[in-house]
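Here's work02.txt, which has compact mmCIF, C-alpha atoms and all ligand atoms:
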```txt
# COMPACT_ATOMS: atom_id res chain seq x y z
CA MET A 1 23.95 -10.73 -14.63
CA LYS A 2 20.51 -9.33 -15.41
CA LYS A 3 17.75 -11.20 -13.62
CA ALA A 4 13.96 -10.88 -13.44
CA PHE A 5 12.69 -9.64 -10.08
CA ILE A 6 8.93 -10.24 -9.99
CA PHE A 7 6.81 -8.69 -7.26
CA ASP A 8 3.34 -9.70 -6.17
CA LEU A 9 1.17 -6.68 -5.32
CA ASP A 10 -1.30 -7.27 -2.48
CA GLY A 11 0.58 -8.03 0.72
CA VAL A 12 4.03 -7.47 -0.83
CA ILE A 13 4.07 -3.93 -2.21
CA VAL A 14 0.94 -2.57 -0.53
CA ASP A 15 -1.08 -3.78 2.43
CA THR A 16 -4.34 -4.13 0.52
CA ALA A 17 -4.94 -7.64 1.89
CA LYS A 18 -6.73 -5.99 4.84
CA TYR A 19 -9.15 -4.23 2.46
CA HIS A 20 -9.85 -7.43 0.51
CA PHE A 21 -10.61 -9.08 3.86
CA LEU A 22 -13.04 -6.33 4.96
CA ALA A 23 -14.89 -6.42 1.64
CA TRP A 24 -15.18 -10.23 1.62
CA GLN A 25 -16.26 -10.24 5.25
CA LYS A 26 -19.23 -8.02 4.39
CA ILE A 27 -20.33 -10.46 1.68
CA ALA A 28 -19.84 -13.42 4.04
CA GLN A 29 -21.79 -11.74 6.84
CA SER A 30 -24.71 -10.94 4.53
CA LEU A 31 -24.85 -14.69 3.75
CA ASN A 32 -24.44 -15.75 7.40
CA ILE A 33 -21.10 -17.39 6.63
CA ASN A 34 -18.44 -17.34 9.36
CA PHE A 35 -15.27 -15.99 7.69
CA THR A 36 -12.15 -15.56 9.83
CA HIS A 37 -8.67 -14.08 9.36
CA GLU A 38 -7.41 -17.64 9.12
CA ASP A 39 -9.85 -18.42 6.30
CA ASN A 40 -8.60 -15.26 4.57
CA GLU A 41 -5.16 -16.88 4.05
CA LEU A 42 -6.86 -19.19 1.54
CA LEU A 43 -7.86 -16.18 -0.57
CA LYS A 44 -4.46 -14.50 -0.79
CA GLY A 45 -3.18 -14.47 -4.35
CA VAL A 46 -6.38 -16.15 -5.50
CA SER A 47 -8.62 -14.58 -8.18
CA ARG A 48 -11.82 -12.74 -7.27
CA VAL A 49 -14.07 -15.41 -8.79
CA ARG A 50 -12.25 -18.27 -7.06
CA SER A 51 -12.25 -16.35 -3.76
CA LEU A 52 -16.05 -16.12 -3.81
CA ASP A 53 -16.31 -19.86 -4.50
CA ILE A 54 -14.05 -20.57 -1.50
CA ILE A 55 -16.20 -18.41 0.79
CA LEU A 56 -19.44 -20.01 -0.45
CA GLY A 57 -17.81 -23.40 0.13
CA LEU A 58 -17.00 -22.47 3.75
CA GLY A 59 -20.72 -21.89 4.35
CA ASN A 60 -21.95 -24.73 2.12
CA VAL A 61 -23.92 -22.15 0.17
CA GLN A 62 -25.14 -22.96 -3.35
CA ALA A 63 -25.82 -19.93 -5.52
CA SER A 64 -26.95 -19.03 -9.02
CA GLN A 65 -24.51 -17.41 -11.44
CA GLU A 66 -26.66 -14.28 -11.28
CA ASP A 67 -26.24 -14.00 -7.50
CA LYS A 68 -22.51 -14.72 -7.75
CA ASP A 69 -22.08 -11.97 -10.33
CA LYS A 70 -23.96 -9.55 -8.07
CA TRP A 71 -21.74 -10.37 -5.05
CA LEU A 72 -18.58 -10.08 -7.15
CA ILE A 73 -19.60 -6.57 -8.21
CA GLN A 74 -20.53 -5.64 -4.62
CA LYS A 75 -17.22 -6.93 -3.29
CA ASN A 76 -15.19 -4.99 -5.84
CA GLU A 77 -17.14 -1.76 -5.34
CA ASP A 78 -16.63 -2.02 -1.60
CA TYR A 79 -12.93 -2.87 -2.05
CA LEU A 80 -12.45 0.12 -4.38
CA SER A 81 -14.07 2.43 -1.80
CA TYR A 82 -11.16 1.64 0.57
CA LEU A 83 -8.66 2.62 -2.14
CA VAL A 84 -10.05 6.10 -2.84
CA ASP A 85 -7.66 7.89 -0.50
CA MET A 86 -4.73 5.58 -1.10
CA ASP A 87 -1.31 7.24 -1.47
CA GLU A 88 2.44 6.61 -1.16
CA SER A 89 2.13 6.04 2.61
CA GLU A 90 0.50 2.66 1.91
CA ILE A 91 3.68 1.25 0.36
CA LEU A 92 5.01 -1.42 2.72
CA PRO A 93 8.31 -0.84 4.60
CA GLY A 94 11.51 -1.27 2.60
CA VAL A 95 9.81 -1.59 -0.81
CA PHE A 96 11.10 1.71 -2.28
CA THR A 97 14.64 0.92 -1.10
CA ILE A 98 14.69 -2.51 -2.71
CA LEU A 99 13.20 -1.23 -6.00
CA GLN A 100 15.77 1.57 -6.16
CA LEU A 101 18.59 -0.88 -5.43
CA LEU A 102 17.41 -3.16 -8.27
CA LYS A 103 17.12 -0.16 -10.63
CA ASP A 104 20.64 0.96 -9.73
CA LYS A 105 21.89 -2.55 -10.52
CA ASN A 106 20.07 -2.56 -13.88
CA GLN A 107 17.86 -5.55 -13.05
CA GLY A 108 14.53 -6.45 -14.70
CA ILE A 109 11.57 -5.45 -12.50
CA ALA A 110 8.05 -6.81 -13.01
CA LEU A 111 4.72 -6.94 -11.28
CA GLY A 112 3.02 -10.36 -11.17
CA SER A 113 -0.38 -9.96 -9.53
CA ALA A 114 -3.73 -11.73 -9.61
CA SER A 115 -5.50 -8.39 -9.12
CA LYS A 116 -7.48 -6.65 -11.84
CA ASN A 117 -7.02 -3.41 -9.88
CA ALA A 118 -3.21 -3.46 -9.99
CA ARG A 119 -2.55 -0.49 -12.30
CA PRO A 120 -4.63 2.12 -10.45
CA ILE A 121 -3.04 1.00 -7.16
CA LEU A 122 0.48 1.42 -8.60
CA GLU A 123 -0.49 4.83 -9.98
CA LYS A 124 -2.08 6.09 -6.76
CA THR A 125 0.92 5.03 -4.68
CA GLY A 126 3.41 6.62 -7.11
CA ILE A 127 5.36 3.43 -7.73
CA LEU A 128 4.31 2.61 -11.31
CA SER A 129 7.46 3.96 -12.98
CA TYR A 130 9.71 1.41 -11.23
CA PHE A 131 8.18 -1.45 -13.20
CA ASP A 132 9.49 -2.44 -16.64
CA VAL A 133 6.64 -4.92 -17.05
CA ILE A 134 3.19 -5.37 -15.50
CA VAL A 135 1.27 -8.64 -15.63
CA ASP A 136 -1.98 -8.68 -13.68
CA GLY A 137 -5.35 -10.39 -13.41
CA ASN A 138 -6.41 -8.91 -16.74
CA ASP A 139 -3.59 -10.66 -18.60
CA VAL A 140 -3.79 -14.28 -17.44
CA THR A 141 -6.29 -17.12 -17.65
CA ASN A 142 -4.81 -19.46 -15.05
CA ALA A 143 -4.69 -18.31 -11.43
CA LYS A 144 -1.83 -18.98 -8.98
CA PRO A 145 -0.61 -21.64 -8.09
CA ASP A 146 -0.42 -21.89 -11.88
CA PRO A 147 2.85 -20.09 -12.76
CA GLU A 148 1.36 -18.34 -15.85
CA VAL A 149 1.48 -14.83 -14.36
CA PHE A 150 5.19 -15.14 -13.43
CA LEU A 151 6.20 -16.96 -16.62
CA LYS A 152 4.57 -14.21 -18.66
CA ALA A 153 6.41 -11.54 -16.66
CA ALA A 154 9.79 -13.26 -17.20
CA GLN A 155 9.02 -13.70 -20.89
CA LEU A 156 8.14 -10.02 -21.33
CA LEU A 157 11.41 -9.10 -19.59
CA ASN A 158 13.14 -11.48 -21.99
CA ILE A 159 14.70 -13.41 -19.11
CA ASP A 160 14.74 -17.18 -18.59
CA PRO A 161 12.38 -18.25 -15.75
CA LYS A 162 15.35 -19.98 -14.09
CA ASN A 163 16.83 -16.50 -13.66
CA ALA A 164 13.68 -15.10 -12.06
CA ILE A 165 13.10 -14.28 -8.40
CA VAL A 166 9.52 -13.98 -7.11
CA PHE A 167 8.47 -12.06 -3.97
CA GLU A 168 5.16 -13.36 -2.61
CA ASP A 169 3.02 -13.24 0.53
CA SER A 170 0.65 -16.07 -0.41
CA VAL A 171 0.99 -19.85 -0.32
CA ALA A 172 -0.54 -20.08 -3.81
CA GLY A 173 2.03 -17.56 -5.11
CA ILE A 174 5.02 -19.36 -3.57
CA GLN A 175 3.77 -22.61 -5.10
CA ALA A 176 3.42 -20.87 -8.48
CA ALA A 177 7.02 -19.65 -8.33
CA ASN A 178 8.26 -23.10 -7.31
CA ILE A 179 6.30 -24.82 -10.11
CA GLY A 180 7.78 -22.27 -12.55
CA GLU A 181 11.28 -23.23 -11.26
CA MET A 182 11.96 -19.69 -10.08
CA VAL A 183 13.55 -18.60 -6.83
CA SER A 184 10.72 -18.03 -4.34
CA VAL A 185 11.02 -15.42 -1.61
CA GLY A 186 8.23 -15.38 0.98
CA ILE A 187 7.33 -12.06 2.58
CA GLY A 188 5.49 -12.79 5.82
CA GLU A 189 5.23 -15.57 8.39
CA GLU A 190 7.48 -18.64 8.22
CA THR A 191 4.69 -20.88 9.56
CA ILE A 192 2.57 -20.02 6.51
CA LEU A 193 5.22 -19.60 3.79
CA HIS A 194 7.51 -22.53 4.65
CA GLU A 195 7.55 -23.80 1.04
CA ALA A 196 9.54 -20.71 -0.04
CA ASP A 197 13.29 -20.85 -0.78
CA TYR A 198 13.81 -17.82 1.48
CA ILE A 199 11.49 -16.10 3.97
CA PHE A 200 11.62 -12.56 5.36
CA LYS A 201 9.13 -10.75 7.59
CA ASP A 202 9.31 -7.69 5.33
CA PHE A 203 11.68 -5.93 2.92
CA THR A 204 13.55 -4.12 5.69
CA GLU A 205 15.06 -7.53 6.53
CA ILE A 206 16.49 -7.92 3.01
CA ASN A 207 19.95 -6.40 2.65
CA THR A 208 22.17 -5.51 -0.30
CA ALA A 209 24.31 -8.64 0.21
CA PHE A 210 21.25 -10.88 -0.29
CA ILE A 211 20.29 -9.12 -3.53
CA GLU A 212 23.90 -9.29 -4.77
CA LYS A 213 23.96 -13.02 -4.03
CA LEU A 214 20.84 -13.46 -6.19
CA ILE A 215 22.28 -11.42 -9.04
CA ASN A 216 25.68 -13.11 -9.18
C1 LIG B 1 -4.67 -10.27 -5.12
C2 LIG B 1 -5.11 -10.72 -3.73
C3 LIG B 1 -6.33 -11.60 -3.71
C4 LIG B 1 -7.37 -11.03 -4.65
C5 LIG B 1 -6.81 -10.99 -6.06
C6 LIG B 1 -7.78 -10.42 -7.06
O1 LIG B 1 -3.61 -10.90 -5.61
O2 LIG B 1 -4.09 -11.35 -3.00
O3 LIG B 1 -6.83 -11.70 -2.38
O4 LIG B 1 -8.55 -11.81 -4.62
O5 LIG B 1 -5.64 -10.21 -6.11
O6 LIG B 1 -7.89 -9.04 -6.83
P1 LIG B 1 -8.98 -8.10 -7.51
O7 LIG B 1 -10.28 -8.44 -6.90
O8 LIG B 1 -8.46 -6.72 -7.17
O9 LIG B 1 -8.94 -8.38 -8.98
P2 LIG B 1 -2.03 -10.57 -5.56
O10 LIG B 1 -1.63 -11.59 -6.57
O11 LIG B 1 -1.67 -9.16 -5.99
O12 LIG B 1 -1.66 -10.85 -4.13
MG MG B 2 -0.33 -11.19 -2.49
```

Could you render the structure from this file as structure tokens?
Amino acid sequence: MKKAFIFDLDGVIVDTAKYHFLAWQKIAQSLNINFTHEDNELLKGVSRVRSLDIILGLGNVQASQEDKDKWLIQKNEDYLSYLVDMDESEILPGVFTILQLLKDKNQGIALGSASKNARPILEKTGILSYFDVIVDGNDVTNAKPDPEVFLKAAQLLNIDPKNAIVFEDSVAGIQAANIGEMVSVGIGEETILHEADYIFKDFTEINTAFIEKLIN
């Protein structure tokens, strides 16, 4: 049967989480806020605006809207500078294989990302044409763990959310899939993603039998 396979972007399709971290770290450093890799887990899947609030909270920093807007622009400009030379080599292991398998099996394929930079990333990495539907940070008002982004993707694919499978690397994203009553598949560490229905280190660990089980 035709199901909706919804992919998060950062940390699932491409390893851009490291660039988000570097860009946020620069902002944090300029404000004398200690911001660690562990803290960065809190930002995964979270919108840009909310991410800044979390960082300011870590340092107990109060700021005017004007300053916040300035830092948000700085962060995005810095983040985009890391993406300039991005190409197909940045696609995470096993992603092309799984997308091709789903295409061959005539499944619905969607992107469900919090990022407002999703489209250029998909274009630069040559993966855009695999997606029937793209829902990103420009299309939703409620950030993960609200399931809006995934519900919208399923709706655009014309598939019931109960027949949707979400691949996510963030806690907020797994929670969003669970709240939306979809099958949640964590890509990453079990210690972090333990709320997911299934967890794999990366897509090379997912085999055809697993996908067939989800489809049938
Ligand atoms: C991503 C990242 C987040 C980032 C957010 C917004 O979400 O995981 O760290 O803050 O997008 O990105 P941008 O600043 O590019 O709009 P996802 O849902 O693709 O993992
Ligand atoms: Mg992600």

Counting all atoms listed in the file, find the residues whose atoms lie at most 12 Å from (-24.5, -17.7, 9.5) (file coordinates) and write them out as a short mmCIF file (atom, residue, chain, number, x, y, z; two decimals) with C-alpha atoms, keeping the file's coordinate frame.
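Printed below is part_28.cif as written:
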```
data_model
loop_
_atom_site.label_atom_id
_atom_site.label_comp_id
_atom_site.auth_asym_id
_atom_site.auth_seq_id
_atom_site.Cartn_x
_atom_site.Cartn_y
_atom_site.Cartn_z
CA GLN A 25 -16.26 -10.24 5.25
CA ILE A 27 -20.33 -10.46 1.68
CA ALA A 28 -19.84 -13.42 4.04
CA GLN A 29 -21.79 -11.74 6.84
CA SER A 30 -24.71 -10.94 4.53
CA LEU A 31 -24.85 -14.69 3.75
CA ASN A 32 -24.44 -15.75 7.40
CA ILE A 33 -21.10 -17.39 6.63
CA ASN A 34 -18.44 -17.34 9.36
CA PHE A 35 -15.27 -15.99 7.69
CA LEU A 56 -19.44 -20.01 -0.45
CA LEU A 58 -17.00 -22.47 3.75
CA GLY A 59 -20.72 -21.89 4.35
CA ASN A 60 -21.95 -24.73 2.12
CA VAL A 61 -23.92 -22.15 0.17
#
```

Open item on the list: Distance limit 6 Å, reference ligand LIG 1 (chain B), atoms considered: all atoms listed in the file. Which residues make the cut? Give them as number ranges by chain.
Closed with: A: 8-10, 20, 43-48, 51, 113-117

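Each of A:Gly94, A:Gly180, A:Gly186, A:Gly11 was checked against ligand MG 2 (chain B) using only C-alpha atoms and all ligand atoms; the smallest atom-to-atom distance is that of A:Gly11.
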
Kindly provide the residues of stretch 57-172 of chain A that approach stretch 199-205 of chain A to within 12 Å, each paired with its closest atom pair and their distance in Å to one decimal, based on all atoms listed in the file, listed by chain and increasing number, as JSON lines.
```
{"residue": "A:Ile91", "atom": "CA", "partner": "A:Phe203", "partner_atom": "CA", "distance": 11.1}
{"residue": "A:Leu92", "atom": "CA", "partner": "A:Asp202", "partner_atom": "CA", "distance": 8.0}
{"residue": "A:Pro93", "atom": "CA", "partner": "A:Thr204", "partner_atom": "CA", "distance": 6.3}
{"residue": "A:Gly94", "atom": "CA", "partner": "A:Thr204", "partner_atom": "CA", "distance": 4.7}
{"residue": "A:Val95", "atom": "CA", "partner": "A:Phe203", "partner_atom": "CA", "distance": 6.0}
{"residue": "A:Phe96", "atom": "CA", "partner": "A:Phe203", "partner_atom": "CA", "distance": 9.3}
{"residue": "A:Thr97", "atom": "CA", "partner": "A:Phe203", "partner_atom": "CA", "distance": 8.5}
{"residue": "A:Ile98", "atom": "CA", "partner": "A:Phe203", "partner_atom": "CA", "distance": 7.2}
{"residue": "A:Leu99", "atom": "CA", "partner": "A:Phe203", "partner_atom": "CA", "distance": 10.2}
{"residue": "A:Leu101", "atom": "CA", "partner": "A:Phe203", "partner_atom": "CA", "distance": 12.0}
{"residue": "A:Val166", "atom": "CA", "partner": "A:Ile199", "partner_atom": "CA", "distance": 11.5}
{"residue": "A:Phe167", "atom": "CA", "partner": "A:Ile199", "partner_atom": "CA", "distance": 9.4}
{"residue": "A:Glu168", "atom": "CA", "partner": "A:Ile199", "partner_atom": "CA", "distance": 9.5}
{"residue": "A:Asp169", "atom": "CA", "partner": "A:Ile199", "partner_atom": "CA", "distance": 9.6}
{"residue": "A:Ser170", "atom": "CA", "partner": "A:Ile199", "partner_atom": "CA", "distance": 11.7}
{"residue": "A:Val171", "atom": "CA", "partner": "A:Ile199", "partner_atom": "CA", "distance": 11.9}
```

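Nearest residue to A:Asp69, choosing from A:Val49, A:Val135, A:Asp87, A:Asn163 and counting all atoms listed in the file: A:Val49.
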
- [ ] Grab the atom CA of A:Glu66 to atom CA of A:Leu52 distance for me, in Å with one decimal place.
- [x] 13.1 Å

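Within 7 Å of A:Pro161, once only C-alpha atoms are used and residues closer than 6 positions along the same chain are dropped, the contacting residues are Leu151, Ala154, Gly180, Glu181 and Met182 of chain A.
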
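Taking atom CA of A:Gly137 as the reference point, atom CA of A:Leu157 is found at 17.9 Å.
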
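Across the structure, atom CA of A:Thr36 and atom CA of A:Ile55 are spaced 10.3 Å apart.
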
Open item on the list: Just checking: using only C-alpha atoms and all ligand atoms, which residue out of A:Ile179, A:Leu111, A:Ile211, A:Val84 ends up closest to ligand MG 2 (chain B)?
Closed with: A:Leu111

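Nearest residue to ligand MG 2 (chain B), choosing from A:Leu22, A:Ala118, A:Met86, A:Leu156 and counting only C-alpha atoms and all ligand atoms: A:Ala118.
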